[in-house]
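data.csv follows (CSV, C-alpha atoms):
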chain,number,residue,atom,x,y,z
A,5,MET,CA,-19.0,75.3,-7.1
A,6,ARG,CA,-19.9,78.9,-6.9
A,7,HIS,CA,-17.8,81.4,-9.0
A,8,PHE,CA,-14.5,82.0,-7.2
A,9,PHE,CA,-13.7,85.7,-7.3
A,10,ASN,CA,-10.3,85.9,-8.7
A,11,TYR,CA,-9.4,89.5,-8.3
A,12,PHE,CA,-6.5,88.9,-5.9
A,13,ILE,CA,-4.0,91.7,-5.2
A,14,SER,CA,-0.4,90.9,-5.8
A,15,LEU,CA,2.9,92.5,-6.6
A,16,ASN,CA,2.5,91.3,-10.2
A,17,HIS,CA,-0.7,93.3,-10.5
A,18,ILE,CA,1.0,96.4,-9.1
A,19,ASN,CA,3.9,95.9,-11.4
A,20,ASN,CA,1.6,96.4,-14.3
A,21,HIS,CA,1.8,100.1,-13.4
A,22,ARG,CA,5.2,100.8,-14.9
A,23,PHE,CA,5.5,104.5,-14.0
A,24,LEU,CA,5.0,104.7,-10.3
A,25,THR,CA,5.9,107.9,-8.6
A,26,PHE,CA,8.3,107.9,-5.7
A,27,GLU,CA,5.6,109.1,-3.3
A,28,ILE,CA,3.2,106.2,-4.0
A,29,LEU,CA,6.0,103.8,-3.9
A,30,ILE,CA,6.7,104.9,-0.3
A,31,MET,CA,3.0,104.3,0.6
A,32,ILE,CA,3.0,100.9,-1.1
A,33,VAL,CA,6.2,99.7,0.6
A,34,PHE,CA,4.9,101.0,4.0
A,35,THR,CA,1.6,99.1,3.6
A,36,GLN,CA,3.0,95.9,2.2
A,37,LYS,CA,5.7,95.8,4.9
A,38,LEU,CA,3.0,96.0,7.5
A,39,HIS,CA,1.0,93.4,5.7
A,40,GLU,CA,3.9,90.9,5.5
A,41,GLU,CA,4.7,91.4,9.2
A,42,LEU,CA,1.1,90.9,10.1
A,43,ILE,CA,0.9,87.6,8.1
A,44,SER,CA,4.1,86.4,9.8
A,45,LYS,CA,2.6,87.1,13.3
A,46,LEU,CA,-0.7,85.4,12.3
A,47,GLU,CA,1.3,82.3,11.2
A,48,VAL,CA,3.0,82.2,14.6
A,49,LEU,CA,-0.4,82.3,16.4
A,50,ASP,CA,-1.7,79.6,14.1
A,51,LYS,CA,1.4,77.4,14.7
A,52,ASN,CA,1.1,77.7,18.5
A,53,TYR,CA,-2.6,77.3,18.7
A,54,SER,CA,-3.9,75.4,21.7
A,55,PRO,CA,-7.6,74.7,22.5
A,56,LYS,CA,-6.8,75.3,26.2
A,57,ASN,CA,-6.0,79.0,25.5
A,58,LEU,CA,-9.2,80.9,25.1
A,59,GLU,CA,-7.5,84.2,24.2
A,60,ASP,CA,-7.2,84.9,20.4
A,61,HIS,CA,-5.3,88.0,19.5
A,62,ARG,CA,-5.5,87.7,15.7
A,63,LEU,CA,-8.2,90.3,15.2
A,64,ASP,CA,-6.3,92.7,17.6
A,65,LEU,CA,-3.1,92.2,15.4
A,66,ILE,CA,-5.0,93.0,12.2
A,67,THR,CA,-6.8,96.0,13.7
A,68,THR,CA,-3.4,97.4,15.0
A,69,ALA,CA,-1.9,97.1,11.5
A,70,ILE,CA,-4.8,98.8,9.9
A,71,GLU,CA,-4.8,101.6,12.4
A,72,LYS,CA,-1.2,102.3,11.5
A,73,ILE,CA,-2.1,102.6,7.8
A,74,LYS,CA,-5.0,104.9,8.7
A,75,HIS,CA,-2.7,107.1,10.8
A,76,LYS,CA,-0.3,107.5,7.9
A,77,LEU,CA,-3.1,108.1,5.4
A,78,LYS,CA,-4.4,111.0,7.5
A,79,SER,CA,-1.2,113.0,7.0
A,80,TYR,CA,-0.4,111.6,3.5
A,81,THR,CA,-1.2,113.4,0.3
A,82,PHE,CA,-1.3,111.4,-2.9
A,83,GLY,CA,0.6,112.9,-5.8
A,84,SER,CA,-2.2,112.3,-8.3
A,85,ASP,CA,-5.6,110.7,-8.7
A,86,LYS,CA,-3.9,107.8,-10.4
A,87,ASP,CA,-1.8,107.1,-7.3
A,88,GLU,CA,-4.8,107.3,-5.0
A,89,ILE,CA,-6.8,104.9,-7.2
A,90,LEU,CA,-3.9,102.4,-7.3
A,91,PHE,CA,-3.6,102.4,-3.5
A,92,PHE,CA,-7.3,102.0,-2.7
A,93,LYS,CA,-8.0,99.5,-5.5
A,94,SER,CA,-4.8,97.4,-5.7
A,95,VAL,CA,-3.0,97.7,-2.4
A,96,LEU,CA,-5.1,98.3,0.7
A,97,PRO,CA,-8.1,95.8,0.1
A,98,GLU,CA,-5.9,92.8,0.7
A,99,THR,CA,-5.0,93.9,4.3
A,100,LEU,CA,-8.6,95.0,5.0
A,101,SER,CA,-9.9,91.7,3.9
A,102,LEU,CA,-7.9,89.9,6.6
A,103,TYR,CA,-10.2,91.3,9.3
A,104,ILE,CA,-13.3,90.1,7.7
A,105,TYR,CA,-11.8,86.7,6.8
A,106,TYR,CA,-10.4,86.0,10.3
A,107,SER,CA,-13.7,87.1,12.0
A,108,HIS,CA,-15.4,84.2,10.2
A,109,VAL,CA,-12.5,81.8,10.5
A,110,MET,CA,-12.5,82.2,14.3
A,111,GLU,CA,-16.3,81.5,14.3
A,112,TRP,CA,-15.7,78.5,12.1
A,113,GLY,CA,-13.0,77.2,14.5
A,114,CYS,CA,-15.4,77.4,17.5
A,115,ILE,CA,-18.0,75.4,15.6
A,116,GLU,CA,-15.5,72.8,14.6
A,117,LYS,CA,-14.6,72.3,18.3
A,118,LYS,CA,-18.2,71.4,19.1
A,119,GLY,CA,-18.1,68.5,16.7
A,120,SER,CA,-21.7,68.9,15.7
A,121,GLU,CA,-22.2,68.0,12.0
A,122,LYS,CA,-25.5,70.0,11.9
A,123,ALA,CA,-23.9,73.1,13.4
A,124,MET,CA,-21.1,72.9,10.9
A,125,TYR,CA,-23.4,72.7,7.9
A,126,ASP,CA,-25.6,75.4,9.3
A,127,PHE,CA,-22.5,77.6,9.3
A,128,TYR,CA,-21.7,76.6,5.7
A,129,ASP,CA,-25.2,77.6,4.6
A,130,SER,CA,-25.1,80.8,6.5
A,131,MET,CA,-21.7,81.8,5.0
A,132,PHE,CA,-22.7,80.9,1.4
A,133,THR,CA,-26.0,82.8,1.8
A,134,LYS,CA,-24.2,85.9,3.3
A,135,ALA,CA,-21.6,86.0,0.5
A,136,GLU,CA,-24.2,85.5,-2.2
A,137,ASN,CA,-26.5,88.2,-0.8
A,138,PHE,CA,-23.7,90.7,-0.6
A,139,ARG,CA,-22.6,90.0,-4.2
A,140,ASN,CA,-26.3,90.5,-5.3
A,141,GLU,CA,-26.5,93.8,-3.3
A,142,GLN,CA,-23.3,95.0,-5.0
A,143,LYS,CA,-23.8,93.3,-8.3
A,144,ASP,CA,-22.7,96.1,-10.6
A,145,PHE,CA,-19.5,96.7,-8.6
A,146,TYR,CA,-18.8,93.0,-8.3
A,147,GLU,CA,-19.0,92.5,-12.0
A,148,TYR,CA,-16.9,95.6,-12.6
A,149,CYS,CA,-14.0,94.2,-10.5
A,150,ARG,CA,-14.5,90.7,-11.7
A,151,ASP,CA,-14.2,91.7,-15.3
A,152,GLY,CA,-11.1,93.9,-14.6
A,153,LYS,CA,-12.7,97.2,-15.7
A,154,THR,CA,-11.1,100.5,-15.0
A,155,ASP,CA,-13.3,103.2,-16.6
A,156,LEU,CA,-15.1,104.0,-13.3
A,157,ASP,CA,-12.1,103.9,-11.1
A,158,ARG,CA,-12.3,107.6,-10.4
A,159,ILE,CA,-15.9,107.1,-9.1
A,160,TYR,CA,-15.2,104.1,-6.9
A,161,PHE,CA,-11.7,104.7,-5.6
A,162,LEU,CA,-11.2,108.4,-5.1
A,163,ARG,CA,-12.1,109.7,-1.6
A,164,LYS,CA,-13.5,112.9,-3.1
A,165,SER,CA,-16.0,111.0,-5.2
A,166,PRO,CA,-19.7,111.5,-4.3
A,167,MET,CA,-20.1,107.7,-4.3
A,168,ASN,CA,-17.9,107.5,-1.3
A,169,ARG,CA,-20.1,109.7,0.8
A,170,GLU,CA,-22.2,106.6,1.5
A,171,ARG,CA,-21.6,105.0,4.9
A,172,VAL,CA,-23.8,101.9,4.7
A,173,TYR,CA,-20.9,99.5,4.2
A,174,GLN,CA,-18.3,101.0,6.4
A,175,ILE,CA,-16.5,98.6,8.7
A,176,ASN,CA,-16.7,100.9,11.7
A,177,SER,CA,-14.1,99.1,13.8
A,178,ILE,CA,-11.3,99.3,11.3
A,179,MET,CA,-12.2,102.0,8.7
A,180,ASP,CA,-12.3,105.7,9.2
A,181,PRO,CA,-14.6,107.7,6.9
A,182,ALA,CA,-11.7,110.1,6.3
A,183,SER,CA,-9.4,107.3,5.1
A,184,PRO,CA,-10.2,104.4,2.8
A,185,THR,CA,-13.0,104.7,0.3
A,186,VAL,CA,-16.3,102.9,0.8
A,187,TYR,CA,-15.6,100.7,-2.3
A,188,CYS,CA,-12.1,99.8,-1.1
A,189,GLY,CA,-13.9,98.2,1.9
A,190,ILE,CA,-16.5,96.5,-0.3
A,191,LEU,CA,-13.7,95.1,-2.5
A,192,ALA,CA,-12.0,93.8,0.7
A,193,LYS,CA,-15.2,92.1,1.6
A,194,PHE,CA,-15.5,90.4,-1.8
A,195,LEU,CA,-11.9,89.1,-1.4
A,196,ALA,CA,-12.6,87.8,2.1
A,197,TYR,CA,-15.8,86.0,1.1
A,198,SER,CA,-14.3,84.5,-1.9
A,199,ARG,CA,-11.5,83.0,0.1
A,200,LEU,CA,-13.9,81.7,2.7
A,201,GLU,CA,-16.2,80.1,0.1
A,202,HIS,CA,-13.3,78.4,-1.6
A,203,GLU,CA,-12.1,76.9,1.8
A,204,LEU,CA,-15.7,75.9,2.8
A,205,HIS,CA,-16.2,74.0,-0.5
A,206,LEU,CA,-12.9,72.1,0.2
A,207,SER,CA,-14.1,71.3,3.7
A,208,ILE,CA,-17.5,70.0,2.5
A,209,GLN,CA,-15.8,67.8,-0.1
A,210,GLU,CA,-13.5,66.4,2.6
A,211,ASN,CA,-16.3,65.7,5.0
A,212,LYS,CA,-18.3,63.9,2.3
A,213,GLN,CA,-15.3,61.6,1.7
A,214,THR,CA,-14.2,61.0,5.3
A,215,GLY,CA,-16.9,62.1,7.7
A,216,VAL,CA,-15.9,63.5,11.1
A,217,PRO,CA,-13.3,61.1,12.5
A,218,ALA,CA,-14.0,59.6,15.9
A,219,ILE,CA,-11.5,60.3,18.6
A,220,ASP,CA,-10.5,57.4,21.0
A,221,ASN,CA,-9.9,59.0,24.3
A,222,GLY,CA,-8.4,55.8,25.5
A,223,ASN,CA,-5.2,56.2,23.5
A,224,ARG,CA,-2.1,56.2,25.5
A,225,LEU,CA,-0.4,58.9,23.4
A,226,THR,CA,-1.9,62.4,22.9
A,227,TRP,CA,-0.5,64.9,20.5
A,228,THR,CA,0.1,68.1,22.5
A,229,LEU,CA,1.8,70.3,20.0
A,230,SER,CA,0.0,72.4,17.3
A,231,LYS,CA,-2.2,70.7,14.7
A,232,ILE,CA,-0.4,72.5,11.9
A,233,SER,CA,2.9,70.8,13.0
A,234,LEU,CA,1.2,67.4,12.6
A,235,VAL,CA,-0.1,68.4,9.2
A,236,GLU,CA,3.5,69.1,8.1
A,237,ILE,CA,4.5,65.5,9.2
A,238,ILE,CA,1.5,63.9,7.5
A,239,TYR,CA,2.2,65.6,4.1
A,240,ALA,CA,5.9,64.8,4.4
A,241,LEU,CA,5.2,61.1,5.1
A,242,LYS,CA,2.8,61.0,2.3
A,243,GLU,CA,5.3,62.4,-0.2
A,244,VAL,CA,8.0,59.9,0.8
A,245,LYS,CA,5.6,57.0,0.4
A,246,ALA,CA,6.0,56.0,4.0
A,247,PHE,CA,2.8,53.9,4.3
A,248,ASN,CA,1.5,51.0,2.2
A,249,HIS,CA,4.3,51.4,-0.4
A,250,GLY,CA,3.0,54.9,-1.1
A,251,LYS,CA,-0.6,53.9,-1.7
A,252,ALA,CA,-2.0,55.5,1.5
A,253,ASP,CA,-3.5,58.9,0.8
A,254,VAL,CA,-3.6,62.0,3.0
A,255,LYS,CA,-7.1,61.1,4.2
A,256,ALA,CA,-6.1,57.7,5.4
A,257,ILE,CA,-2.9,58.9,7.1
A,258,THR,CA,-4.8,61.7,8.8
A,259,GLU,CA,-7.5,59.4,10.2
A,260,TYR,CA,-4.9,57.0,11.5
A,261,PHE,CA,-2.9,59.8,13.2
A,262,GLU,CA,-6.1,61.2,14.7
A,263,ARG,CA,-6.9,57.8,16.3
A,264,ILE,CA,-3.4,57.0,17.7
A,265,PHE,CA,-2.6,60.6,18.9
A,266,ASN,CA,-6.1,61.4,20.3
A,267,ILE,CA,-6.5,64.6,18.2
A,268,HIS,CA,-9.1,66.0,15.7
A,269,ILE,CA,-7.1,67.8,13.0
A,270,GLY,CA,-10.1,69.1,11.2
A,271,ASN,CA,-9.8,70.4,7.7
A,272,ILE,CA,-6.3,69.2,6.8
A,273,TYR,CA,-6.5,70.6,3.3
A,274,ARG,CA,-7.2,74.1,4.6
A,275,SER,CA,-4.4,73.7,7.1
A,276,PHE,CA,-2.0,72.8,4.2
A,277,GLN,CA,-3.2,75.9,2.3
A,278,GLU,CA,-2.2,78.0,5.3
A,279,ILE,CA,1.3,76.3,5.3
A,280,MET,CA,1.6,77.1,1.6
A,281,SER,CA,0.8,80.8,2.2
A,282,ARG,CA,3.5,81.2,4.9
A,283,LYS,CA,6.2,83.8,4.4
A,284,THR,CA,8.5,82.3,7.0
A,285,GLY,CA,9.0,78.8,5.5
A,286,TYR,CA,7.0,75.7,4.6
A,287,ALA,CA,8.6,73.3,7.0
A,288,LEU,CA,8.9,75.1,10.4
A,289,PHE,CA,8.2,72.0,12.5
A,290,ILE,CA,10.1,69.6,10.3
A,291,ASP,CA,13.1,71.9,10.5
A,292,MET,CA,12.8,72.1,14.3
A,293,LEU,CA,12.6,68.2,14.4
A,294,ARG,CA,15.8,68.0,12.4
A,295,GLU,CA,17.6,70.5,14.6
A,296,SER,CA,16.5,68.8,17.8
A,297,TYR,CA,17.5,65.3,16.5
A,298,LEU,CA,21.0,66.5,15.4
A,299,LYS,CA,21.5,68.3,18.7
A,300,LYS,CA,20.7,65.0,20.5
A,301,ILE,CA,23.3,63.2,18.4
A,302,ASP,CA,25.8,65.9,19.1
A,303,ASP,CA,25.1,65.8,22.9
A,304,ILE,CA,25.7,62.0,22.9
How does the structure come out when it is put into structure tokens?
Amino acid sequence: MRHFFNYFISLNHINNHRFLTFEILIMIVFTQKLHEELISKLEVLDKNYSPKNLEDHRLDLITTAIEKIKHKLKSYTFGSDKDEILFFKSVLPETLSLYIYYSHVMEWGCIEKKGSEKAMYDFYDSMFTKAENFRNEQKDFYEYCRDGKTDLDRIYFLRKSPMNRERVYQINSIMDPASPTVYCGILAKFLAYSRLEHELHLSIQENKQTGVPAIDNGNRLTWTLSKISLVEIIYALKEVKAFNHGKADVKAITEYFERIFNIHIGNIYRSFQEIMSRKTGYALFIDMLRESYLKKIDDI
């Protein structure tokens, strides 16, 4: 497996800066609140996904959130260089990375629907090559971030730095030259590619073990709710040892459910990772099942 870029932004990382000014705290809270709201909205769209609906508003949501941050940045003055570096290195890249990540995830989803194994592996190769080429192009900066260095932060993460007069790697649709630094955008791209590579590797391992399950269109029952809801059920049944005295694994349960419910779940391990990253709860569908069942009992 290729090296997984582990420079992930978190509150713990920010908390290492013990003496944050009130001004930078306002900007951090503003950005992180927008980020959390964005993640919640994306989770809702993932939960309610339907292949019959061709509209996908996830990139629109991400762009809107980033535009709000840009608007605030244009009228905001950092109290010190240290504050500006902290924001562009340790806060903003996580949100910017969502645009790049979801752009490729949406493409991935379209290819999965086609069901062509060749098209899928062509996409894998293309993504791995694209990520590797980008790391090679930005080798010095990549290694700088990977190794947790700080001595060149003033060069990379201050907007007044001559290094940030470059425009080659600007993400034009979401980044304004007057707002985030060029290297803030490059760091965001590293984060997005690293996450994608990790999930692609998991998908490849899964496909080697199971292949692409065939769907029997003659089944009498068809699952018509979201795939992510069925993933909750599969993992819950696996954990309570509901099949074969607990000896049935996730792969076997998934294949069976795909056959009897006439659905192709796809990468269930990636779907479970999405559930684990929720801010709104890990058992949304299971909780809904329980409430509906109890309501039925009460009605009776």
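For the pair atom CA of Gly270 of chain A and atom CA of Ala69 of chain A, the separation is 29.2 Å.
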Nearby residues, (-2.7, 63.4, 15.5) file frame, 6 Å, all atoms listed in the file, as a list in words: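 The distance filter leaves exactly Trp227, Phe261, Glu262, Phe265 and Ile267 of chain A.
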Pick from A:His39, A:Lys283, A:Lys242, A:Lys231, whichever lies nearest to Val95 of chain A using all atoms listed in the file: A:His39
Residues near segment 197-200 of chain A, cut-off 12 Å, all atoms listed in the file, skip fewer than 4 positions along chain, as an MDAnalysis selection string: chainID A and resid 5:12 98 101:112 127:128 130:139 146 150 190:193 204:207 274 277:278
Counting all atoms listed in the file, the option among A:Gly285, A:Asn271, A:Ala240, A:Asp291 closest to Glu116 of chain A: A:Asn271
Which residue of A:Lys51, A:Phe247, A:Glu88, A:Thr68 approaches Leu38 of chain A most closely, using all atoms listed in the file: A:Thr68
Long-range neighbours of Val33 of chain A as a ChimeraX atom specification, 12 Å cut-off, all atoms listed in the file, 4 positions minimum in chain: /A:15,18,26-29,37-40,73,91,95-96
Selected residue, from A:Glu147, A:Asp87, A:Asp303, A:Asp129, that lies nearest to Leu162 of chain A when counting all atoms listed in the file: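 Going through A:Glu147, A:Asp87, A:Asp303, A:Asp129 one by one, the smallest distance to Leu162 of chain A is for A:Asp87.
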Option closest in space to Asn52 of chain A, from A:Val254, A:Leu234, A:Ile301, A:Met31 [counting all atoms listed in the file]: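 Comparing A:Val254, A:Leu234, A:Ile301, A:Met31 against Asn52 of chain A, the winner is A:Leu234.
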Contacts of Asp253 of chain A at 12 Å (all atoms listed in the file; same-chain gap of 6+ positions) as a VMD selection string: chain A and resid 214 238 to 247 259 to 260
Shell around Arg158 of chain A at 9 Å using all atoms listed in the file, local window under 5 positions removed, as a PyMOL selection string: chain A and resi 85-86+89+165
Expected file contents, prior selection, C-alpha atoms, as a PDB file, in the frame of the given file:
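Output below, filename result.pdb:
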ATOM      1  CA  ASP A  85      -5.600 110.700  -8.700  1.00  0.00           C
ATOM      2  CA  LYS A  86      -3.900 107.800 -10.400  1.00  0.00           C
ATOM      3  CA  ILE A  89      -6.800 104.900  -7.200  1.00  0.00           C
ATOM      4  CA  SER A 165     -16.000 111.000  -5.200  1.00  0.00           C
TER       5      SER A 165
END
Residue nearest Gln142 of chain A - candidates A:Ile159, A:Phe194, A:Tyr125, A:Asp60, atoms counted: all atoms listed in the file: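 Closest residue, counting all atoms listed in the file: A:Phe194.
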d(atom CA of Leu195 of chain A, atom CA of Leu100 of chain A) in Å: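 Straight-line distance from atom CA of Leu195 of chain A to atom CA of Leu100 of chain A works out to 9.3 Å.
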Separation of atom CA of Ile304 of chain A from atom CA of Met292 of chain A, in Å and rounded to one decimal: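 These atoms are spaced 18.5 Å apart.
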